[in-house]
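Participant: One structure, as structure tokens, below. Some questions next.
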Amino acid sequence: MKASQLPARAGVGFKPEHFAMIDAERQPVGFFEVHAENYMGAGGPPHAQLSRLREDYALSIHGVGLSIGSLQPLDQDHLRRLRQVCDRYQPESFSEHLAWSTHDTTFLNDLLPLPYTRETLEQICRHIDEVQTTLGRQMLLENPATYLLFEESTYEETDFLDEVVKRSGCGLLLDINNVFVASTNHNTDPRSYLACFPIRHVREIHLGGHSETEDDLGAPLLIDSHDTPVRDPVWALYAEVVARIGPVATLIEWDNDVPDWPVLRSEAEAAEAILRRSALAA
């Protein structure tokens with residue numbers, strides 16, 4: 001089984017509107033990441049652009065539609081098309097979310113939370129085993145941004161992720177913005193969460209922006225919207241994590257209200273500077 005091999009550098013999520021500027025000259029990024037579902041067609045401009053980028057850069061493929069946490073079987077057609085994408089581009093990494101998004105034949109355009117129970121654990125591990133066997137590679141599982149908690153949960157999220165890794169052999173994708181969003185929404189300490197996170201299994205980090213609002217009681221409510229620069233508290237948490245574990249592949253996510261390429265590149269350069277400082281300190 002192929003393990004994740006992304007370079008320990010900053011990368012960005014590729015957006016087609018940036019292609020011309022990216023292709024004009026070598027960019028100061030270590031890799032690009034794309035959503036698998038955008039490349040499940042047979043050809044056309046998306047594949048032409050990605051094939052060109054693949055010549056010069058490492059690639060991470062990030063799934064958003066497998067519904068790893070669903071209680072129903074994985075969609076075999078979706079899994080087959082995912083394998084075709086991975087076989088075509090041979091990415092250095094593949095990742096998915098600790099979430100569900102399907103019910104019967106309905107696909108819900110959201111990444112929905114799960115109760116952390118033994119039943120959920122066993123189902124997720126079965127699904128991860130099926131994905132890794134089909135793809136012939138290790139997958140990374142991403143911690144979620146959550147807006148509610150389940151009374152029936154019998155595991156803390158960090159313990160649940162640790163158990164998933166032990167049983168399945170997958171790696172972890174640590175989304176630090178998700179940690180900050182969920183901790184704020186649940187009035188908990190993000191540093192305590194990160195102290196308990198099974199950090200030795202992290203193969204990639206995500207950083208993104210979030211929006212701020214209030215719930216019906218006037219308490220702060222953060223939304224993992226990916227439509228702003230990375231916020232200062234998230235940068236601070238990121239620097240602490242990298243100081244603790246050393247440089248690791250780090251993605252800047254910006255999926256809505258996407259800015260011009262120089263803005264996105266500057267976010268990657270900020271992450272790259274933190275990675276370089278960690279390497280020098282080591």
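If you're wondering about the labels, chains in the structure tokens are A, B, ... by order shown, residues count from 1 in each chain, ligands from 1 in order shown.
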Got a sec: who's within 9 Å of region 156-165 of chain A, counting only C-alpha atoms, leaving out chain neighbours fewer than 3 positions off, as a list in words?
Facilitator: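 Listing them by chain and then by number gives Leu98, Tyr116, Thr117, Leu121, Glu122, Ile124, Cys125, Ile128, Leu141, Asn143, Ser153, Ser168, Gly169, Cys170, Gly171, Leu172, Tyr193, Leu194, Cys196, Phe197, Pro198 and His201 of chain A.
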Participant: What's the 7 Å shell around Trp100 (chain A), counting only C-alpha atoms, without same-chain residues fewer than 4 positions away, as a PyMOL selection string?
Facilitator: chain A and resi 67-70+111-113
Participant: So which residues touch Ala249 (chain A) within 12 Å, counting only C-alpha atoms, skipping near sequence neighbours fewer than 6 positions away, as a PyMOL selection string?
Facilitator: chain A and resi 4-12+29-33+58-60+92-93+172-175+202-207+238+242+268+271-272+274-276
Participant: Neighbours of region 35-51 of chain A within 7 Å (only C-alpha atoms; same-chain residues fewer than 3 positions away dropped), as a PyMOL selection string?
Facilitator: chain A and resi 54-55+61-64+81-82+85
Participant: Keeping N, CA, C and O atoms for every residue in the selection just given, could you write it to a file as a PDB file, in the first residue's frame?
Facilitator:
```pdb
ATOM      1  N   ARG A  54       0.647  18.648 -13.359  1.00  0.00           N
ATOM      2  CA  ARG A  54       1.248  17.420 -12.812  1.00  0.00           C
ATOM      3  C   ARG A  54       2.668  17.210 -13.308  1.00  0.00           C
ATOM      4  O   ARG A  54       3.463  16.507 -12.658  1.00  0.00           O
ATOM      5  N   GLU A  55       3.014  17.827 -14.425  1.00  0.00           N
ATOM      6  CA  GLU A  55       4.369  17.701 -14.947  1.00  0.00           C
ATOM      7  C   GLU A  55       5.396  18.357 -14.030  1.00  0.00           C
ATOM      8  O   GLU A  55       6.556  17.943 -13.983  1.00  0.00           O
ATOM      9  N   ILE A  61      -4.916  14.656  -3.917  1.00  0.00           N
ATOM     10  CA  ILE A  61      -6.320  14.536  -4.327  1.00  0.00           C
ATOM     11  C   ILE A  61      -7.163  14.398  -3.065  1.00  0.00           C
ATOM     12  O   ILE A  61      -6.912  13.536  -2.226  1.00  0.00           O
ATOM     13  N   HIS A  62      -8.159  15.272  -2.960  1.00  0.00           N
ATOM     14  CA  HIS A  62      -8.987  15.373  -1.759  1.00  0.00           C
ATOM     15  C   HIS A  62     -10.417  15.030  -2.128  1.00  0.00           C
ATOM     16  O   HIS A  62     -11.017  15.688  -2.982  1.00  0.00           O
ATOM     17  N   GLY A  63     -10.964  13.984  -1.528  1.00  0.00           N
ATOM     18  CA  GLY A  63     -12.331  13.597  -1.817  1.00  0.00           C
ATOM     19  C   GLY A  63     -13.333  14.315  -0.935  1.00  0.00           C
ATOM     20  O   GLY A  63     -13.044  14.619   0.222  1.00  0.00           O
ATOM     21  N   VAL A  64     -14.508  14.586  -1.487  1.00  0.00           N
ATOM     22  CA  VAL A  64     -15.566  15.224  -0.708  1.00  0.00           C
ATOM     23  C   VAL A  64     -16.888  14.469  -0.812  1.00  0.00           C
ATOM     24  O   VAL A  64     -17.885  14.906  -0.239  1.00  0.00           O
ATOM     25  N   ARG A  81     -14.751   5.421 -10.069  1.00  0.00           N
ATOM     26  CA  ARG A  81     -14.291   6.643 -10.734  1.00  0.00           C
ATOM     27  C   ARG A  81     -13.158   7.297  -9.954  1.00  0.00           C
ATOM     28  O   ARG A  81     -12.234   7.886 -10.546  1.00  0.00           O
ATOM     29  N   LEU A  82     -13.203   7.199  -8.634  1.00  0.00           N
ATOM     30  CA  LEU A  82     -12.102   7.724  -7.831  1.00  0.00           C
ATOM     31  C   LEU A  82     -10.812   6.978  -8.149  1.00  0.00           C
ATOM     32  O   LEU A  82      -9.743   7.597  -8.295  1.00  0.00           O
ATOM     33  N   VAL A  85      -9.309   8.263 -11.338  1.00  0.00           N
ATOM     34  CA  VAL A  85      -8.610   9.538 -11.180  1.00  0.00           C
ATOM     35  C   VAL A  85      -7.230   9.321 -10.559  1.00  0.00           C
ATOM     36  O   VAL A  85      -6.227   9.872 -11.019  1.00  0.00           O
TER      37      VAL A  85
END
```
Participant: Smallest atom-to-atom distance to Arg83 (chain A): which of A:Ile22, A:Glu96, A:Val131, A:Thr188, using only C-alpha atoms?
Facilitator: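 Of A:Ile22, A:Glu96, A:Val131, A:Thr188, the one nearest Arg83 (chain A) is A:Val131, counting only C-alpha atoms.
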Participant: Considering only alpha helix (DSSP H) as DSSP defines it on the backbone, what residues of region 136-269 of chain A qualify? List them as a PyMOL selection string.
Facilitator: chain A and resi 157-168+176-185+190-196+232-245+261-269
Participant: Nearest residue to Pro233 (chain A) out of A:Glu214, A:Arg191, A:Ala270, A:Arg277, using only C-alpha atoms?
Facilitator: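 For Pro233 (chain A), the nearest of the candidates is A:Arg191.
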Participant: Which one is closest to Met21 (chain A): A:Leu221, A:Leu79, A:Leu53, A:Ala243? Count only C-alpha atoms.
Facilitator: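 For Met21 (chain A), the nearest of the candidates is A:Leu53.
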